[in-house]
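Enquirer: Please find one structure pasted underneath; my questions will follow.
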Amino acid sequence: SILFFLSAAGSTLGWTALLSNLVFYTDTLGVDSFLILNLAVYGPLLPITLLQTIFDSKFDQQFKSMKSFIFRGSVAFLTTFICLILLPWTSKSLKNVSITALFLGLSSAILHGMLKQMASFVYPSCGRLPAAVTAGMQASAVFVLIISIACDFDDYNSSRGMEKFFFANAAVLVVCWCSFYALLRSSRGVMKSMRRRDSLFENEDQYNLLESDGRPD
């Protein structure tokens, strides 16, 4: 459960750190930044969810579930990490910070869908994993708050203070990323569920093949 919790915290950590600066962005980039940044962060969630619903199973079926989940998760975490590292510089322009926010929204939406899927099929009869994922996504705000206090975030309007804040969030994200990798590579329950998922795909392929062979020409 703790690995699910930390992985889920990493899925929302990037945009939570960004949106915690909304007062700063409103003061320096204008009042329009509030709406634009929120749209950039939250906008990708619905289309990404629809795309995952349509294509994830096909992708998993072709490349195997474990490889697919590791690939999607690694790309999403790497994107979030790069965005956090770049934010002290992209925050100087509304256009640049909006593009960064959009990538944070995309990576977060990918991780959100993945972790929700995993929580549902690893232990289908257990309610702890969905709860751990939901709690982790909300708990990222606590991590951001602790970092802001530790980094003396009252001085966020200085470039040095902003660098410390976003770099510290990037360091916490690496811990969440490692937790995600450990979840997939070290958890017996996860590995067993991935093999079971692949077996279901194989059985479905065999059934479809038999159905196609049995049809009259």
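Following the order of the structure tokens, chains are lettered A, B, ..., residues in each are numbered from 1, and ligands are numbered from 1.
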Determine, using only C-alpha atoms, which residues of range 104-196 of chain A have any atom at most 8 Å from an atom of range 49-55 of chain A, and tabulate each with its shortest atom pair and distance in Å to one decimal place, rows ordered by chain and then rising number, as CSV.

Expert:
residue,atom,partner,partner_atom,distance
A:Ala109,CA,A:Thr49,CA,7.2
A:Ile110,CA,A:Thr49,CA,7.7
A:Gly113,CA,A:Thr49,CA,6.4

Enquirer: Using only C-alpha atoms, find the one residue out of A:Asn169, A:Ser68, A:Glu163, A:Ile82 that sits nearest to Ala141 in chain A.

Expert: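 Using only C-alpha atoms, the shortest distance to Ala141 in chain A belongs to A:Asn169.
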
Enquirer: Neighbouring residues of Gly136 in chain A were defined as those with any atom within 8 Å, considering only C-alpha atoms; residues of the same chain fewer than 2 positions away were excluded. Please report them as a PyMOL selection string.

Expert: chain A and resi 4-9+132-134+138-140

Enquirer: Calculated over only C-alpha atoms, which of the candidates A:Thr90, A:Ser57, A:Ser11, A:Ser65 has the smallest distance to Gly105 in chain A?

Expert: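 Result for the nearest residue to Gly105 in chain A: A:Ser11.
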
Enquirer: Which residues are near Leu84 in chain A? Cut-off 9 Å, only C-alpha atoms, ignore same chain within fewer than 5 positions. Put them as a short mmCIF file (atom, residue, chain, number, x, y, z; two decimals) with N, CA, C and O atoms, in the first residue's frame.

Expert:
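Output contents, as saved in out.cif:
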data_model
loop_
_atom_site.label_atom_id
_atom_site.label_comp_id
_atom_site.auth_asym_id
_atom_site.auth_seq_id
_atom_site.Cartn_x
_atom_site.Cartn_y
_atom_site.Cartn_z
N GLY A 14 3.89 17.35 -9.31
CA GLY A 14 4.36 18.39 -10.21
C GLY A 14 3.41 19.56 -10.34
O GLY A 14 3.78 20.72 -10.11
N TRP A 15 2.16 19.27 -10.70
CA TRP A 15 1.22 20.38 -10.88
C TRP A 15 0.79 21.00 -9.56
O TRP A 15 0.41 22.17 -9.51
N ALA A 17 2.85 21.55 -7.07
CA ALA A 17 3.93 22.52 -6.82
C ALA A 17 3.75 23.75 -7.69
O ALA A 17 3.94 24.89 -7.24
N LEU A 18 3.36 23.54 -8.94
CA LEU A 18 3.16 24.66 -9.86
C LEU A 18 2.01 25.55 -9.39
O LEU A 18 2.17 26.78 -9.28
N THR A 79 8.89 13.13 -17.64
CA THR A 79 8.33 14.40 -18.09
C THR A 79 8.08 15.34 -16.92
O THR A 79 8.41 16.54 -16.97
N THR A 100 4.65 24.34 -19.94
CA THR A 100 5.14 23.45 -18.89
C THR A 100 3.98 22.85 -18.10
O THR A 100 3.96 21.66 -17.78
N LEU A 104 2.82 18.94 -17.52
CA LEU A 104 2.57 18.41 -16.18
C LEU A 104 1.17 17.80 -16.10
O LEU A 104 0.98 16.75 -15.47
N PHE A 166 11.45 24.27 -6.38
CA PHE A 166 11.16 23.31 -7.44
C PHE A 166 12.17 22.17 -7.49
O PHE A 166 11.81 21.02 -7.80
N PHE A 167 13.42 22.45 -7.19
CA PHE A 167 14.43 21.38 -7.17
C PHE A 167 14.15 20.39 -6.03
O PHE A 167 14.34 19.19 -6.19
N ASN A 169 11.19 19.72 -4.83
CA ASN A 169 10.05 18.92 -5.29
C ASN A 169 10.50 17.85 -6.29
O ASN A 169 9.98 16.74 -6.29
N ALA A 170 11.46 18.20 -7.14
CA ALA A 170 11.99 17.23 -8.09
C ALA A 170 12.68 16.08 -7.36
O ALA A 170 12.58 14.92 -7.78
#

Enquirer: Please, which residues in range 52-153 of chain A fall within 12 Å of range 31-43 of chain A when counting only C-alpha atoms, and what is the closest atom pair and distance in Å to one decimal for each, ordered by chain then residue number, as JSON lines?

Expert:
{"residue": "A:Thr80", "atom": "CA", "partner": "A:Val41", "partner_atom": "CA", "distance": 12.0}
{"residue": "A:Ser91", "atom": "CA", "partner": "A:Ser33", "partner_atom": "CA", "distance": 10.8}
{"residue": "A:Lys92", "atom": "CA", "partner": "A:Ser33", "partner_atom": "CA", "distance": 11.8}
{"residue": "A:Ser93", "atom": "CA", "partner": "A:Ser33", "partner_atom": "CA", "distance": 10.1}
{"residue": "A:Leu94", "atom": "CA", "partner": "A:Ser33", "partner_atom": "CA", "distance": 6.8}
{"residue": "A:Lys95", "atom": "CA", "partner": "A:Ser33", "partner_atom": "CA", "distance": 9.4}
{"residue": "A:Asn96", "atom": "CA", "partner": "A:Leu37", "partner_atom": "CA", "distance": 10.7}
{"residue": "A:Val97", "atom": "CA", "partner": "A:Leu37", "partner_atom": "CA", "distance": 7.9}
{"residue": "A:Ser98", "atom": "CA", "partner": "A:Leu37", "partner_atom": "CA", "distance": 5.7}
{"residue": "A:Ile99", "atom": "CA", "partner": "A:Ala40", "partner_atom": "CA", "distance": 7.6}
{"residue": "A:Thr100", "atom": "CA", "partner": "A:Ala40", "partner_atom": "CA", "distance": 8.6}
{"residue": "A:Ala101", "atom": "CA", "partner": "A:Val41", "partner_atom": "CA", "distance": 5.5}
{"residue": "A:Leu102", "atom": "CA", "partner": "A:Ala40", "partner_atom": "CA", "distance": 4.5}
{"residue": "A:Phe103", "atom": "CA", "partner": "A:Val41", "partner_atom": "CA", "distance": 7.9}
{"residue": "A:Leu104", "atom": "CA", "partner": "A:Val41", "partner_atom": "CA", "distance": 6.5}
{"residue": "A:Gly105", "atom": "CA", "partner": "A:Val41", "partner_atom": "CA", "distance": 4.1}
{"residue": "A:Leu106", "atom": "CA", "partner": "A:Val41", "partner_atom": "CA", "distance": 7.6}
{"residue": "A:Ser107", "atom": "CA", "partner": "A:Val41", "partner_atom": "CA", "distance": 9.7}
{"residue": "A:Ser108", "atom": "CA", "partner": "A:Val41", "partner_atom": "CA", "distance": 8.5}
{"residue": "A:Ala109", "atom": "CA", "partner": "A:Tyr42", "partner_atom": "CA", "distance": 8.4}
{"residue": "A:His112", "atom": "CA", "partner": "A:Tyr42", "partner_atom": "CA", "distance": 11.8}

Enquirer: How about saving the chosen residues, all heavy atoms kept, as a short mmCIF file (atom, residue, chain, number, x, y, z; two decimals), in the first residue's frame?

Expert:
data_model
loop_
_atom_site.label_atom_id
_atom_site.label_comp_id
_atom_site.auth_asym_id
_atom_site.auth_seq_id
_atom_site.Cartn_x
_atom_site.Cartn_y
_atom_site.Cartn_z
N THR A 80 7.51 14.80 -15.84
CA THR A 80 7.26 15.62 -14.66
C THR A 80 8.56 16.14 -14.06
O THR A 80 8.66 17.31 -13.67
CB THR A 80 6.50 14.80 -13.59
OG1 THR A 80 5.30 14.28 -14.16
CG2 THR A 80 6.16 15.66 -12.38
N SER A 91 8.93 29.99 -15.62
CA SER A 91 7.98 30.79 -14.85
C SER A 91 8.08 32.28 -15.16
O SER A 91 7.25 33.07 -14.69
CB SER A 91 8.18 30.57 -13.35
OG SER A 91 7.86 29.24 -12.99
N LYS A 92 9.05 32.69 -15.92
CA LYS A 92 9.23 34.10 -16.25
C LYS A 92 8.34 34.53 -17.40
O LYS A 92 8.24 35.74 -17.69
CB LYS A 92 10.70 34.36 -16.59
CG LYS A 92 11.65 34.07 -15.43
CD LYS A 92 13.10 34.22 -15.84
CE LYS A 92 14.03 33.85 -14.69
NZ LYS A 92 15.46 33.95 -15.08
N SER A 93 7.72 33.58 -18.08
CA SER A 93 6.86 33.89 -19.23
C SER A 93 5.57 33.09 -19.13
O SER A 93 5.61 31.90 -18.84
CB SER A 93 7.60 33.54 -20.53
OG SER A 93 6.72 33.42 -21.61
N LEU A 94 4.44 33.74 -19.37
CA LEU A 94 3.15 33.05 -19.30
C LEU A 94 3.06 31.95 -20.34
O LEU A 94 2.55 30.86 -20.06
CB LEU A 94 2.00 34.05 -19.47
CG LEU A 94 0.60 33.45 -19.43
CD1 LEU A 94 0.36 32.71 -18.12
CD2 LEU A 94 -0.45 34.55 -19.63
N LYS A 95 3.56 32.21 -21.54
CA LYS A 95 3.54 31.20 -22.59
C LYS A 95 4.35 29.97 -22.19
O LYS A 95 3.88 28.83 -22.30
CB LYS A 95 4.08 31.79 -23.89
CG LYS A 95 4.17 30.78 -25.03
CD LYS A 95 4.77 31.42 -26.28
CE LYS A 95 4.93 30.39 -27.39
NZ LYS A 95 5.55 30.99 -28.61
N ASN A 96 5.56 30.19 -21.69
CA ASN A 96 6.43 29.07 -21.34
C ASN A 96 5.90 28.29 -20.15
O ASN A 96 5.93 27.05 -20.14
CB ASN A 96 7.84 29.58 -21.05
CG ASN A 96 8.54 30.10 -22.30
OD1 ASN A 96 8.18 29.74 -23.42
ND2 ASN A 96 9.51 30.99 -22.12
N VAL A 97 5.42 28.99 -19.14
CA VAL A 97 4.93 28.29 -17.96
C VAL A 97 3.63 27.55 -18.28
O VAL A 97 3.33 26.49 -17.70
CB VAL A 97 4.75 29.26 -16.77
CG1 VAL A 97 3.51 30.13 -16.93
CG2 VAL A 97 4.67 28.48 -15.46
N SER A 98 2.84 28.07 -19.23
CA SER A 98 1.61 27.39 -19.63
C SER A 98 1.92 26.10 -20.37
O SER A 98 1.25 25.08 -20.16
CB SER A 98 0.77 28.31 -20.53
OG SER A 98 0.38 29.47 -19.84
N ILE A 99 2.95 26.13 -21.23
CA ILE A 99 3.37 24.90 -21.92
C ILE A 99 3.88 23.88 -20.91
O ILE A 99 3.55 22.68 -20.99
CB ILE A 99 4.45 25.23 -22.96
CG1 ILE A 99 3.87 26.08 -24.09
CG2 ILE A 99 5.05 23.94 -23.53
CD1 ILE A 99 4.89 26.60 -25.07
N THR A 100 4.65 24.34 -19.94
CA THR A 100 5.14 23.45 -18.89
C THR A 100 3.98 22.85 -18.10
O THR A 100 3.96 21.66 -17.78
CB THR A 100 6.09 24.20 -17.94
OG1 THR A 100 7.10 24.85 -18.70
CG2 THR A 100 6.73 23.25 -16.95
N ALA A 101 2.99 23.69 -17.78
CA ALA A 101 1.81 23.22 -17.05
C ALA A 101 1.05 22.18 -17.85
O ALA A 101 0.53 21.20 -17.29
CB ALA A 101 0.90 24.40 -16.71
N LEU A 102 0.98 22.37 -19.17
CA LEU A 102 0.29 21.40 -20.02
C LEU A 102 0.98 20.03 -19.97
O LEU A 102 0.31 19.00 -19.85
CB LEU A 102 0.24 21.91 -21.45
CG LEU A 102 -0.42 20.99 -22.48
CD1 LEU A 102 -1.89 20.75 -22.13
CD2 LEU A 102 -0.31 21.58 -23.88
N PHE A 103 2.30 20.03 -20.04
CA PHE A 103 3.03 18.76 -19.95
C PHE A 103 2.87 18.13 -18.57
O PHE A 103 2.79 16.91 -18.45
CB PHE A 103 4.50 18.97 -20.27
CG PHE A 103 4.80 18.99 -21.75
CD1 PHE A 103 4.99 20.19 -22.42
CD2 PHE A 103 4.87 17.80 -22.46
CE1 PHE A 103 5.25 20.20 -23.78
CE2 PHE A 103 5.13 17.80 -23.82
CZ PHE A 103 5.32 19.00 -24.48
N LEU A 104 2.82 18.94 -17.52
CA LEU A 104 2.57 18.41 -16.18
C LEU A 104 1.17 17.80 -16.10
O LEU A 104 0.98 16.75 -15.47
CB LEU A 104 2.73 19.51 -15.13
CG LEU A 104 4.15 19.95 -14.81
CD1 LEU A 104 4.14 21.18 -13.89
CD2 LEU A 104 4.93 18.81 -14.16
N GLY A 105 0.21 18.44 -16.73
CA GLY A 105 -1.15 17.89 -16.76
C GLY A 105 -1.22 16.59 -17.51
O GLY A 105 -1.90 15.64 -17.09
N LEU A 106 -0.51 16.50 -18.64
CA LEU A 106 -0.49 15.27 -19.44
C LEU A 106 0.15 14.12 -18.67
O LEU A 106 -0.40 13.01 -18.61
CB LEU A 106 0.26 15.51 -20.75
CG LEU A 106 -0.44 16.39 -21.79
CD1 LEU A 106 0.54 16.77 -22.90
CD2 LEU A 106 -1.65 15.67 -22.38
N SER A 107 1.31 14.37 -18.08
CA SER A 107 2.00 13.30 -17.35
C SER A 107 1.21 12.87 -16.13
O SER A 107 1.14 11.68 -15.81
CB SER A 107 3.41 13.77 -16.94
OG SER A 107 3.34 14.92 -16.11
N SER A 108 0.59 13.82 -15.45
CA SER A 108 -0.23 13.48 -14.29
C SER A 108 -1.44 12.64 -14.68
O SER A 108 -1.79 11.67 -14.00
CB SER A 108 -0.68 14.76 -13.58
OG SER A 108 -1.56 14.47 -12.51
N ALA A 109 -2.07 12.99 -15.80
CA ALA A 109 -3.25 12.24 -16.26
C ALA A 109 -2.87 10.81 -16.62
O ALA A 109 -3.62 9.86 -16.34
CB ALA A 109 -3.88 12.94 -17.46
N HIS A 112 -2.28 9.00 -13.36
CA HIS A 112 -3.57 8.85 -12.68
C HIS A 112 -4.31 7.63 -13.21
O HIS A 112 -4.79 6.77 -12.44
CB HIS A 112 -4.39 10.12 -12.90
CG HIS A 112 -5.76 10.09 -12.29
ND1 HIS A 112 -6.84 9.52 -12.93
CD2 HIS A 112 -6.23 10.53 -11.10
CE1 HIS A 112 -7.91 9.62 -12.17
NE2 HIS A 112 -7.57 10.24 -11.05
#

Enquirer: When you draw a straight line from CA of Lys58 in chain A to CA of Arg195 in chain A, how long is it in Å?

Expert: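 According to the coordinates, CA of Lys58 in chain A and CA of Arg195 in chain A are separated by 15.6 Å.
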
Enquirer: Looking at only C-alpha atoms, which of A:Ser1, A:Met162, A:Leu45, A:Leu183 is the one that sits closest to Pro130 in chain A?

Expert: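 Result for the nearest residue to Pro130 in chain A: A:Ser1.
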
Enquirer: Report, in Å to a single decimal, how far apart CA of Leu111 in chain A and CA of Ser20 in chain A are.

Expert: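 Taking CA of Ser20 in chain A and CA of Leu111 in chain A, their separation equals 20.3 Å.
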
Enquirer: At what distance in Å, to one decimal, does CA of Pro88 in chain A lie from CA of Leu115 in chain A?

Expert: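 According to the coordinates, CA of Leu115 in chain A and CA of Pro88 in chain A are separated by 28.7 Å.
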
Enquirer: Which is closer to Phe165 in chain A than all the others in A:Met194, A:Ile85, A:Ala76, A:Val142, using only C-alpha atoms?

Expert: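 Distance minimum relative to Phe165 in chain A lands on A:Ile85.
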